[in-house]
Amino acid sequence: VEALSVPNATMTVVAGEPLNLSWSPAAVDGPAKVHIELNLNNHGATSAWISCDVDDTGSFGVSASLLDALQQIGVSGFPSLSLARRSSDHTTISVGCVEFIVASSRDVAVEIEGVKSCTSDQQCPPGQSCGVDLACH
């Protein structure tokens, strides 16, 4: 697969707004898809995230309603977003199924409006401290 290039170094999740992702589409059409994985609650009790495979068109919008529902489940410090252009194939052999995946991935920094990520109290605004969920409270 062609190397994945993502122009945005940081994306911000804002309540009530979609998250519009972009990347440079592959120069040559092929079987590859782009896998997107977004987790807003890595350091809390992660019970939900967004994971999907989309056509390699160069853009995809995560709907505001889906993001809002994900935020309602919970958020914590240092959310994560990864995109991977990947292609896979599989075959069955005598001991079972073998899958081969070729991928080029990129991690994108994510901020959630109203959530300040931290690893120490010094990173928090005055009067707040860094919680076990790595967010200022």
# chains A, B, ... in the order shown; residues from 1 in each chain; ligands from 1
call {"tool": "residues_around", "arguments": {"residues": "segment 31-43 of chain A", "least_positions_apart": "2", "cutoff": "9 Å", "atoms": "only C-alpha atoms", "output": "VMD selection string"}}
result
chain A and resid 1 26 29 45 to 57 70 to 71 73 to 88 103 105 110 to 112 132 to 135
call {"tool": "select_by_dssp", "arguments": {"residues": "chain A", "states": "helix (DSSP H, G or I)", "output": "ChimeraX atom specification"}}
result
/A:64-73,121-123
call {"tool": "write_last_selection", "arguments": {"atoms": "all heavy atoms", "output": "short mmCIF file (atom, residue, chain, number, x, y, z; two decimals), in the first residue's frame"}}
result
data_model
loop_
_atom_site.label_atom_id
_atom_site.label_comp_id
_atom_site.auth_asym_id
_atom_site.auth_seq_id
_atom_site.Cartn_x
_atom_site.Cartn_y
_atom_site.Cartn_z
N ALA A 64 -21.84 14.34 13.82
CA ALA A 64 -21.96 14.99 15.12
C ALA A 64 -22.77 14.13 16.09
O ALA A 64 -22.42 14.02 17.27
CB ALA A 64 -22.60 16.37 14.96
N SER A 65 -23.83 13.49 15.60
CA SER A 65 -24.66 12.69 16.50
C SER A 65 -23.89 11.49 17.04
O SER A 65 -24.03 11.13 18.22
CB SER A 65 -25.94 12.24 15.80
OG SER A 65 -25.64 11.44 14.67
N LEU A 66 -23.05 10.87 16.22
CA LEU A 66 -22.25 9.73 16.67
C LEU A 66 -21.19 10.19 17.68
O LEU A 66 -21.00 9.56 18.72
CB LEU A 66 -21.59 9.05 15.48
CG LEU A 66 -20.88 7.74 15.73
CD1 LEU A 66 -21.80 6.70 16.33
CD2 LEU A 66 -20.29 7.20 14.43
N LEU A 67 -20.54 11.32 17.42
CA LEU A 67 -19.55 11.86 18.35
C LEU A 67 -20.18 12.26 19.68
O LEU A 67 -19.61 12.00 20.75
CB LEU A 67 -18.83 13.06 17.73
CG LEU A 67 -17.84 12.74 16.63
CD1 LEU A 67 -17.38 14.02 15.94
CD2 LEU A 67 -16.65 11.98 17.18
N ASP A 68 -21.34 12.90 19.61
CA ASP A 68 -22.03 13.31 20.84
C ASP A 68 -22.41 12.09 21.67
O ASP A 68 -22.25 12.09 22.90
CB ASP A 68 -23.26 14.15 20.52
CG ASP A 68 -22.92 15.54 20.01
OD1 ASP A 68 -21.73 15.95 20.10
OD2 ASP A 68 -23.83 16.23 19.51
N ALA A 69 -22.88 11.03 21.02
CA ALA A 69 -23.24 9.80 21.74
C ALA A 69 -21.99 9.18 22.38
O ALA A 69 -22.05 8.71 23.53
CB ALA A 69 -23.90 8.81 20.80
N LEU A 70 -20.87 9.22 21.68
CA LEU A 70 -19.63 8.67 22.23
C LEU A 70 -19.17 9.48 23.44
O LEU A 70 -18.76 8.91 24.45
CB LEU A 70 -18.54 8.66 21.15
CG LEU A 70 -17.22 7.99 21.52
CD1 LEU A 70 -17.42 6.53 21.86
CD2 LEU A 70 -16.23 8.15 20.38
N GLN A 71 -19.29 10.80 23.37
CA GLN A 71 -18.90 11.65 24.49
C GLN A 71 -19.80 11.42 25.71
O GLN A 71 -19.33 11.50 26.85
CB GLN A 71 -18.93 13.12 24.10
CG GLN A 71 -17.79 13.51 23.16
CD GLN A 71 -17.75 14.99 22.90
OE1 GLN A 71 -17.41 15.75 23.79
NE2 GLN A 71 -18.11 15.39 21.69
N GLN A 72 -21.06 11.11 25.48
CA GLN A 72 -21.98 10.85 26.59
C GLN A 72 -21.57 9.60 27.38
O GLN A 72 -21.82 9.51 28.58
CB GLN A 72 -23.41 10.69 26.08
CG GLN A 72 -24.03 11.98 25.58
CD GLN A 72 -24.17 13.01 26.68
OE1 GLN A 72 -24.59 12.71 27.79
NE2 GLN A 72 -23.78 14.25 26.38
N ILE A 73 -20.91 8.66 26.72
CA ILE A 73 -20.46 7.44 27.39
C ILE A 73 -19.28 7.75 28.31
O ILE A 73 -19.12 7.13 29.34
CB ILE A 73 -20.10 6.36 26.35
CG1 ILE A 73 -21.38 5.94 25.61
CG2 ILE A 73 -19.43 5.15 27.00
CD1 ILE A 73 -21.13 5.09 24.39
N ASP A 121 -0.35 17.77 38.11
CA ASP A 121 -1.16 18.92 38.53
C ASP A 121 -0.65 20.22 37.91
O ASP A 121 -1.43 21.13 37.64
CB ASP A 121 -1.16 19.05 40.05
CG ASP A 121 -1.92 17.91 40.74
OD1 ASP A 121 -2.67 17.19 40.06
OD2 ASP A 121 -1.74 17.76 41.96
N GLN A 122 0.65 20.32 37.67
CA GLN A 122 1.24 21.54 37.12
C GLN A 122 0.71 21.86 35.72
O GLN A 122 0.79 23.00 35.27
CB GLN A 122 2.77 21.45 37.10
CG GLN A 122 3.41 21.43 38.46
CD GLN A 122 3.29 20.08 39.17
OE1 GLN A 122 3.06 19.04 38.55
NE2 GLN A 122 3.40 20.10 40.50
N GLN A 123 0.19 20.89 35.02
CA GLN A 123 -0.34 21.11 33.67
C GLN A 123 -1.78 21.59 33.67
O GLN A 123 -2.32 21.92 32.62
CB GLN A 123 -0.23 19.81 32.85
CG GLN A 123 1.20 19.37 32.64
CD GLN A 123 1.28 17.97 32.04
OE1 GLN A 123 0.56 17.06 32.44
NE2 GLN A 123 2.16 17.82 31.06
#
call {"tool": "residues_around", "arguments": {"residues": "Cys124 of chain A", "least_positions_apart": "5", "cutoff": "9 Å", "atoms": "only C-alpha atoms", "output": "list in words"}}
result
Lys116, Ser117, Cys118, Ser129, Cys130, Ala135, Cys136 and His137 of chain A
call {"tool": "write_last_selection", "arguments": {"atoms": "all heavy atoms", "output": "mmCIF file, in the first residue's frame"}}
result
data_model
loop_
_atom_site.group_PDB
_atom_site.id
_atom_site.type_symbol
_atom_site.label_atom_id
_atom_site.label_comp_id
_atom_site.auth_asym_id
_atom_site.auth_seq_id
_atom_site.Cartn_x
_atom_site.Cartn_y
_atom_site.Cartn_z
ATOM 1 N N LYS A 116 -8.984 19.142 29.347
ATOM 2 C CA LYS A 116 -7.547 19.408 29.350
ATOM 3 C C LYS A 116 -6.832 18.149 29.801
ATOM 4 O O LYS A 116 -7.002 17.695 30.932
ATOM 5 C CB LYS A 116 -7.240 20.581 30.292
ATOM 6 C CG LYS A 116 -5.771 20.822 30.567
ATOM 7 C CD LYS A 116 -5.124 21.612 29.457
ATOM 8 C CE LYS A 116 -3.718 22.060 29.906
ATOM 9 N NZ LYS A 116 -2.671 21.569 29.094
ATOM 10 N N SER A 117 -6.021 17.553 28.916
ATOM 11 C CA SER A 117 -5.257 16.360 29.249
ATOM 12 C C SER A 117 -4.062 16.741 30.122
ATOM 13 O O SER A 117 -3.510 17.837 30.001
ATOM 14 C CB SER A 117 -4.760 15.672 27.979
ATOM 15 O OG SER A 117 -5.843 15.217 27.199
ATOM 16 N N CYS A 118 -3.642 15.819 31.001
ATOM 17 C CA CYS A 118 -2.537 16.117 31.906
ATOM 18 C C CYS A 118 -1.878 14.831 32.388
ATOM 19 O O CYS A 118 -2.463 13.756 32.325
ATOM 20 C CB CYS A 118 -3.048 16.903 33.117
ATOM 21 S SG CYS A 118 -4.298 16.003 34.069
ATOM 22 N N SER A 129 -6.752 19.901 39.514
ATOM 23 C CA SER A 129 -5.678 18.918 39.641
ATOM 24 C C SER A 129 -5.874 17.823 38.602
ATOM 25 O O SER A 129 -6.970 17.656 38.057
ATOM 26 C CB SER A 129 -5.649 18.330 41.055
ATOM 27 O OG SER A 129 -6.874 17.685 41.338
ATOM 28 N N CYS A 130 -4.804 17.092 38.354
ATOM 29 C CA CYS A 130 -4.832 16.029 37.347
ATOM 30 C C CYS A 130 -5.445 14.778 37.967
ATOM 31 O O CYS A 130 -4.964 14.263 38.979
ATOM 32 C CB CYS A 130 -3.404 15.750 36.863
ATOM 33 S SG CYS A 130 -3.340 14.673 35.431
ATOM 34 N N ALA A 135 -7.065 13.805 33.116
ATOM 35 C CA ALA A 135 -7.740 15.044 32.727
ATOM 36 C C ALA A 135 -7.805 15.959 33.936
ATOM 37 O O ALA A 135 -7.895 15.498 35.080
ATOM 38 C CB ALA A 135 -9.146 14.753 32.202
ATOM 39 N N CYS A 136 -7.747 17.270 33.674
ATOM 40 C CA CYS A 136 -7.818 18.256 34.753
ATOM 41 C C CYS A 136 -9.252 18.381 35.235
ATOM 42 O O CYS A 136 -10.194 18.424 34.443
ATOM 43 C CB CYS A 136 -7.334 19.616 34.254
ATOM 44 S SG CYS A 136 -5.585 19.615 33.763
ATOM 45 N N HIS A 137 -9.399 18.443 36.570
ATOM 46 C CA HIS A 137 -10.729 18.600 37.183
ATOM 47 C C HIS A 137 -10.671 19.658 38.261
ATOM 48 O O HIS A 137 -9.714 19.810 38.959
ATOM 49 C CB HIS A 137 -11.225 17.296 37.812
ATOM 50 C CG HIS A 137 -11.327 16.172 36.810
ATOM 51 N ND1 HIS A 137 -12.356 16.055 35.927
ATOM 52 C CD2 HIS A 137 -10.482 15.148 36.547
ATOM 53 C CE1 HIS A 137 -12.187 14.980 35.176
ATOM 54 N NE2 HIS A 137 -11.042 14.417 35.529
#
call {"tool": "select_by_dssp", "arguments": {"residues": "segment 24-123 of chain A", "states": "strand (DSSP E)", "output": "PyMOL selection string"}}
result
chain A and resi 33-39+50-55+59-62+80-93+96-112
call {"tool": "closest_residue", "arguments": {"among": "A:Ala9, A:Ala27, A:Val62, A:Val14", "to": "Ala109 of chain A", "atoms": "only C-alpha atoms"}}
result
A:Ala9
call {"tool": "atom_distance", "arguments": {"atom1": "atom CA of Asn8 of chain A", "atom2": "atom CA of Ser63 of chain A"}}
result
18.4 Å
call {"tool": "decode", "arguments": {"residues": "segment 18-68 of chain A", "atoms": "N, CA and C atoms", "output": "short mmCIF file (atom, residue, chain, number, x, y, z; two decimals), in the first residue's frame"}}
result
data_model
loop_
_atom_site.label_atom_id
_atom_site.label_comp_id
_atom_site.auth_asym_id
_atom_site.auth_seq_id
_atom_site.Cartn_x
_atom_site.Cartn_y
_atom_site.Cartn_z
N PRO A 18 -19.53 17.75 13.43
CA PRO A 18 -18.90 16.54 12.90
C PRO A 18 -17.38 16.67 12.99
N LEU A 19 -16.69 15.56 12.87
CA LEU A 19 -15.23 15.55 12.81
C LEU A 19 -14.86 15.19 11.39
N ASN A 20 -14.34 16.17 10.66
CA ASN A 20 -14.02 15.98 9.25
C ASN A 20 -12.55 15.61 9.10
N LEU A 21 -12.31 14.37 8.72
CA LEU A 21 -10.96 13.84 8.57
C LEU A 21 -10.53 13.95 7.12
N SER A 22 -9.23 14.14 6.92
CA SER A 22 -8.72 14.17 5.55
C SER A 22 -7.34 13.53 5.50
N TRP A 23 -7.01 13.00 4.35
CA TRP A 23 -5.72 12.40 4.08
C TRP A 23 -5.49 12.46 2.59
N SER A 24 -4.28 12.22 2.16
CA SER A 24 -3.99 12.19 0.73
C SER A 24 -4.40 10.83 0.19
N PRO A 25 -5.36 10.81 -0.76
CA PRO A 25 -5.79 9.51 -1.30
C PRO A 25 -4.66 8.85 -2.08
N ALA A 26 -4.73 7.54 -2.20
CA ALA A 26 -3.72 6.81 -2.96
C ALA A 26 -3.70 7.30 -4.41
N ALA A 27 -2.52 7.36 -4.99
CA ALA A 27 -2.38 7.82 -6.38
C ALA A 27 -2.99 6.83 -7.36
N VAL A 28 -2.99 5.55 -7.00
CA VAL A 28 -3.54 4.51 -7.86
C VAL A 28 -4.63 3.78 -7.09
N ASP A 29 -5.80 3.63 -7.73
CA ASP A 29 -6.88 2.88 -7.09
C ASP A 29 -6.44 1.45 -6.86
N GLY A 30 -6.87 0.92 -5.74
CA GLY A 30 -6.55 -0.46 -5.42
C GLY A 30 -7.52 -0.99 -4.40
N PRO A 31 -7.22 -2.12 -3.83
CA PRO A 31 -8.14 -2.73 -2.87
C PRO A 31 -8.07 -2.13 -1.47
N ALA A 32 -7.13 -1.23 -1.22
CA ALA A 32 -6.94 -0.71 0.13
C ALA A 32 -8.14 0.12 0.60
N LYS A 33 -8.40 0.03 1.89
CA LYS A 33 -9.39 0.86 2.59
C LYS A 33 -8.63 1.66 3.63
N VAL A 34 -9.27 2.67 4.18
CA VAL A 34 -8.68 3.40 5.29
C VAL A 34 -9.45 3.03 6.55
N HIS A 35 -8.71 2.52 7.53
CA HIS A 35 -9.29 2.13 8.82
C HIS A 35 -9.14 3.31 9.77
N ILE A 36 -10.24 3.71 10.39
CA ILE A 36 -10.26 4.83 11.33
C ILE A 36 -10.62 4.29 12.70
N GLU A 37 -9.87 4.72 13.71
CA GLU A 37 -10.19 4.32 15.07
C GLU A 37 -10.06 5.55 15.97
N LEU A 38 -11.17 5.90 16.64
CA LEU A 38 -11.23 7.06 17.51
C LEU A 38 -11.69 6.63 18.89
N ASN A 39 -10.89 6.96 19.91
CA ASN A 39 -11.24 6.63 21.29
C ASN A 39 -11.12 7.90 22.12
N LEU A 40 -12.21 8.31 22.75
CA LEU A 40 -12.23 9.52 23.57
C LEU A 40 -12.05 9.22 25.05
N ASN A 41 -11.92 7.94 25.41
CA ASN A 41 -11.89 7.57 26.81
C ASN A 41 -10.83 6.49 27.08
N ASN A 42 -9.62 6.70 26.61
CA ASN A 42 -8.55 5.72 26.80
C ASN A 42 -8.22 5.48 28.27
N HIS A 43 -8.32 6.51 29.09
CA HIS A 43 -7.86 6.41 30.48
C HIS A 43 -9.01 6.38 31.48
N GLY A 44 -10.20 6.18 30.98
CA GLY A 44 -11.36 5.98 31.84
C GLY A 44 -11.77 4.53 31.71
N ALA A 45 -13.02 4.28 31.88
CA ALA A 45 -13.54 2.93 31.72
C ALA A 45 -13.99 2.78 30.26
N THR A 46 -13.04 2.58 29.36
CA THR A 46 -13.33 2.53 27.94
C THR A 46 -14.31 1.41 27.63
N SER A 47 -15.49 1.82 27.19
CA SER A 47 -16.49 0.82 26.83
C SER A 47 -16.99 1.04 25.41
N ALA A 48 -16.54 2.12 24.79
CA ALA A 48 -17.01 2.40 23.42
C ALA A 48 -15.97 3.24 22.68
N TRP A 49 -15.91 3.05 21.40
CA TRP A 49 -15.05 3.83 20.52
C TRP A 49 -15.62 3.71 19.13
N ILE A 50 -15.08 4.48 18.21
CA ILE A 50 -15.52 4.43 16.82
C ILE A 50 -14.43 3.74 16.02
N SER A 51 -14.81 2.73 15.27
CA SER A 51 -13.89 1.99 14.43
C SER A 51 -14.60 1.67 13.12
N CYS A 52 -14.01 2.10 12.01
CA CYS A 52 -14.67 1.83 10.73
C CYS A 52 -13.65 1.77 9.60
N ASP A 53 -14.01 1.09 8.53
CA ASP A 53 -13.23 1.04 7.30
C ASP A 53 -13.99 1.82 6.24
N VAL A 54 -13.28 2.75 5.59
CA VAL A 54 -13.92 3.60 4.60
C VAL A 54 -13.14 3.55 3.29
N ASP A 55 -13.80 3.94 2.20
CA ASP A 55 -13.12 4.02 0.92
C ASP A 55 -12.00 5.04 0.98
N ASP A 56 -10.94 4.80 0.25
CA ASP A 56 -9.76 5.65 0.24
C ASP A 56 -9.97 6.85 -0.69
N THR A 57 -10.92 7.71 -0.32
CA THR A 57 -11.26 8.88 -1.14
C THR A 57 -10.51 10.14 -0.73
N GLY A 58 -9.90 10.12 0.45
CA GLY A 58 -9.18 11.29 0.94
C GLY A 58 -9.93 12.05 2.02
N SER A 59 -11.15 11.66 2.30
CA SER A 59 -11.88 12.34 3.38
C SER A 59 -13.02 11.47 3.90
N PHE A 60 -13.38 11.76 5.16
CA PHE A 60 -14.51 11.09 5.79
C PHE A 60 -14.96 11.95 6.95
N GLY A 61 -16.27 12.06 7.12
CA GLY A 61 -16.82 12.84 8.22
C GLY A 61 -17.50 11.94 9.22
N VAL A 62 -17.06 12.02 10.48
CA VAL A 62 -17.74 11.32 11.56
C VAL A 62 -18.86 12.23 12.02
N SER A 63 -20.08 11.75 12.01
CA SER A 63 -21.25 12.59 12.27
C SER A 63 -21.25 13.15 13.69
N ALA A 64 -21.84 14.34 13.82
CA ALA A 64 -21.96 14.99 15.12
C ALA A 64 -22.77 14.13 16.09
N SER A 65 -23.83 13.49 15.60
CA SER A 65 -24.66 12.69 16.50
C SER A 65 -23.89 11.49 17.04
N LEU A 66 -23.05 10.87 16.22
CA LEU A 66 -22.25 9.73 16.67
C LEU A 66 -21.19 10.19 17.68
N LEU A 67 -20.54 11.32 17.42
CA LEU A 67 -19.55 11.86 18.35
C LEU A 67 -20.18 12.26 19.68
N ASP A 68 -21.34 12.90 19.61
CA ASP A 68 -22.03 13.31 20.84
C ASP A 68 -22.41 12.09 21.67
#
